[in-house]
Amino acid sequence: AQVLASLAAHRPVAPGAAAVAVAQDRRAEKAHFAASARSSGVGPAPHAVIEAEADLARVPESLLPGILKTARLGYDGKGQRRVTRRDELA
């Protein structure tokens, strides 16, 4: 996104840097869809954000089994792990 923003000062780019910044971070992407759900009708899938160990206890049982994903730098299945039990979240 930063490179696109710099390039956009000199040339048209698509998609724009702001769109790529949202798409590069799953937390930002989920927040974007949640914020626009009322007008678009498209909300995010059920999820939990885990940023600290204390967040593990707040993950709803309904999300297990599930896929644990990194917020950034994951793509095409990289940065993802299937979890079936709560202890696997750690």
# chains A, B, ... in the order shown; residues from 1 in each chain; ligands from 1

$ residues_around --residues "Glu51 of chain A" --least-positions-apart "6" --cutoff "12 Å" --atoms "only C-alpha atoms" --output "number ranges by chain"
A: 27, 57-59, 69-71, 89-90

$ residues_around --residues "segment 21-23 of chain A" --least-positions-apart "3" --cutoff "12 Å" --atoms "only C-alpha atoms" --output "PyMOL selection string"
chain A and resi 1-5+15-18+26-33+71-75

$ select_by_dssp --residues "segment 8-88 of chain A" --states "helix (DSSP H, G or I)" --output "ChimeraX atom specification"
/A:8,17-23,26-40,53-58,61-63,86-88

$ write_last_selection --atoms "N, CA and C atoms" --output "short mmCIF file (atom, residue, chain, number, x, y, z; two decimals), in the first residue's frame"
data_model
loop_
_atom_site.label_atom_id
_atom_site.label_comp_id
_atom_site.auth_asym_id
_atom_site.auth_seq_id
_atom_site.Cartn_x
_atom_site.Cartn_y
_atom_site.Cartn_z
N ALA A 8 1.27 6.58 -6.87
CA ALA A 8 0.07 7.33 -7.27
C ALA A 8 0.33 8.83 -7.35
N ALA A 17 -4.23 2.75 -3.20
CA ALA A 17 -3.48 2.40 -2.00
C ALA A 17 -4.38 2.15 -0.80
N ALA A 18 -5.45 2.92 -0.67
CA ALA A 18 -6.35 2.75 0.48
C ALA A 18 -7.03 1.39 0.44
N ALA A 19 -7.46 0.95 -0.75
CA ALA A 19 -8.10 -0.36 -0.88
C ALA A 19 -7.12 -1.48 -0.56
N VAL A 20 -5.89 -1.35 -1.03
CA VAL A 20 -4.87 -2.37 -0.77
C VAL A 20 -4.52 -2.40 0.71
N ALA A 21 -4.47 -1.24 1.36
CA ALA A 21 -4.16 -1.20 2.79
C ALA A 21 -5.19 -1.99 3.59
N VAL A 22 -6.46 -1.87 3.21
CA VAL A 22 -7.51 -2.64 3.90
C VAL A 22 -7.35 -4.12 3.61
N ALA A 23 -7.11 -4.48 2.36
CA ALA A 23 -7.01 -5.88 1.97
C ALA A 23 -5.77 -6.57 2.54
N ARG A 26 -6.15 -8.37 7.71
CA ARG A 26 -7.45 -9.01 7.93
C ARG A 26 -8.27 -8.29 9.00
N ARG A 27 -7.61 -7.72 10.00
CA ARG A 27 -8.36 -6.97 11.03
C ARG A 27 -9.03 -5.76 10.40
N ALA A 28 -8.30 -5.02 9.58
CA ALA A 28 -8.86 -3.84 8.92
C ALA A 28 -9.96 -4.25 7.95
N GLU A 29 -9.77 -5.37 7.27
CA GLU A 29 -10.76 -5.86 6.32
C GLU A 29 -12.08 -6.21 7.03
N LYS A 30 -11.97 -6.93 8.14
CA LYS A 30 -13.18 -7.29 8.90
C LYS A 30 -13.87 -6.04 9.43
N ALA A 31 -13.10 -5.07 9.93
CA ALA A 31 -13.67 -3.83 10.44
C ALA A 31 -14.35 -3.05 9.32
N HIS A 32 -13.75 -3.04 8.15
CA HIS A 32 -14.33 -2.34 6.99
C HIS A 32 -15.68 -2.96 6.61
N PHE A 33 -15.73 -4.29 6.51
CA PHE A 33 -16.98 -4.94 6.16
C PHE A 33 -18.04 -4.75 7.26
N ALA A 34 -17.62 -4.79 8.51
CA ALA A 34 -18.57 -4.57 9.61
C ALA A 34 -19.14 -3.16 9.55
N ALA A 35 -18.29 -2.18 9.26
CA ALA A 35 -18.74 -0.78 9.21
C ALA A 35 -19.66 -0.52 8.02
N SER A 36 -19.44 -1.24 6.93
CA SER A 36 -20.24 -0.98 5.73
C SER A 36 -21.41 -1.96 5.57
N ALA A 37 -21.59 -2.87 6.50
CA ALA A 37 -22.62 -3.91 6.37
C ALA A 37 -24.03 -3.34 6.26
N ARG A 38 -24.31 -2.30 6.98
CA ARG A 38 -25.67 -1.74 6.96
C ARG A 38 -26.02 -1.23 5.56
N SER A 39 -25.09 -0.56 4.90
CA SER A 39 -25.40 -0.01 3.58
C SER A 39 -25.18 -1.01 2.45
N SER A 40 -24.23 -1.92 2.63
CA SER A 40 -23.92 -2.86 1.55
C SER A 40 -24.67 -4.18 1.66
N GLU A 53 -2.64 -12.79 24.73
CA GLU A 53 -3.03 -14.06 25.36
C GLU A 53 -4.40 -13.97 26.02
N ALA A 54 -4.72 -12.81 26.60
CA ALA A 54 -6.01 -12.64 27.27
C ALA A 54 -7.18 -12.78 26.29
N ASP A 55 -6.95 -12.51 25.01
CA ASP A 55 -8.01 -12.61 24.01
C ASP A 55 -8.43 -14.06 23.76
N LEU A 56 -7.58 -15.02 24.07
CA LEU A 56 -7.88 -16.43 23.80
C LEU A 56 -9.14 -16.88 24.53
N ALA A 57 -9.31 -16.42 25.76
CA ALA A 57 -10.47 -16.83 26.56
C ALA A 57 -11.78 -16.27 26.01
N ARG A 58 -11.71 -15.20 25.22
CA ARG A 58 -12.92 -14.58 24.68
C ARG A 58 -13.35 -15.13 23.33
N GLU A 61 -16.97 -20.45 21.54
CA GLU A 61 -16.92 -21.86 21.17
C GLU A 61 -17.49 -22.09 19.77
N SER A 62 -18.41 -21.23 19.35
CA SER A 62 -19.04 -21.39 18.04
C SER A 62 -18.05 -21.23 16.88
N LEU A 63 -16.86 -20.66 17.15
CA LEU A 63 -15.85 -20.50 16.10
C LEU A 63 -14.94 -21.72 15.97
N ARG A 86 -9.75 -25.40 21.69
CA ARG A 86 -9.32 -24.12 22.26
C ARG A 86 -7.82 -24.08 22.56
N ASP A 87 -7.26 -25.16 23.08
CA ASP A 87 -5.83 -25.15 23.43
C ASP A 87 -4.93 -24.99 22.20
N GLU A 88 -5.45 -25.29 21.01
CA GLU A 88 -4.66 -25.12 19.79
C GLU A 88 -4.54 -23.66 19.37
#

$ select_by_dssp --residues "chain A" --states "strand (DSSP E or B)" --output "short mmCIF file (atom, residue, chain, number, x, y, z; two decimals) with C-alpha atoms, in the first residue's frame"
data_model
loop_
_atom_site.label_atom_id
_atom_site.label_comp_id
_atom_site.auth_asym_id
_atom_site.auth_seq_id
_atom_site.Cartn_x
_atom_site.Cartn_y
_atom_site.Cartn_z
CA GLY A 66 -12.05 -23.04 12.62
CA ILE A 67 -9.11 -21.52 10.81
CA LEU A 68 -6.58 -19.42 12.73
CA LYS A 69 -5.10 -16.81 10.40
CA GLN A 80 -3.27 -20.23 8.31
CA ARG A 81 -3.78 -23.22 10.56
CA ARG A 82 -6.83 -25.37 11.25
CA VAL A 83 -7.72 -25.54 14.94
#

$ atom_distance --atom1 "atom CA of Val42 of chain A" --atom2 "atom CA of Ala14 of chain A"
22.7 Å
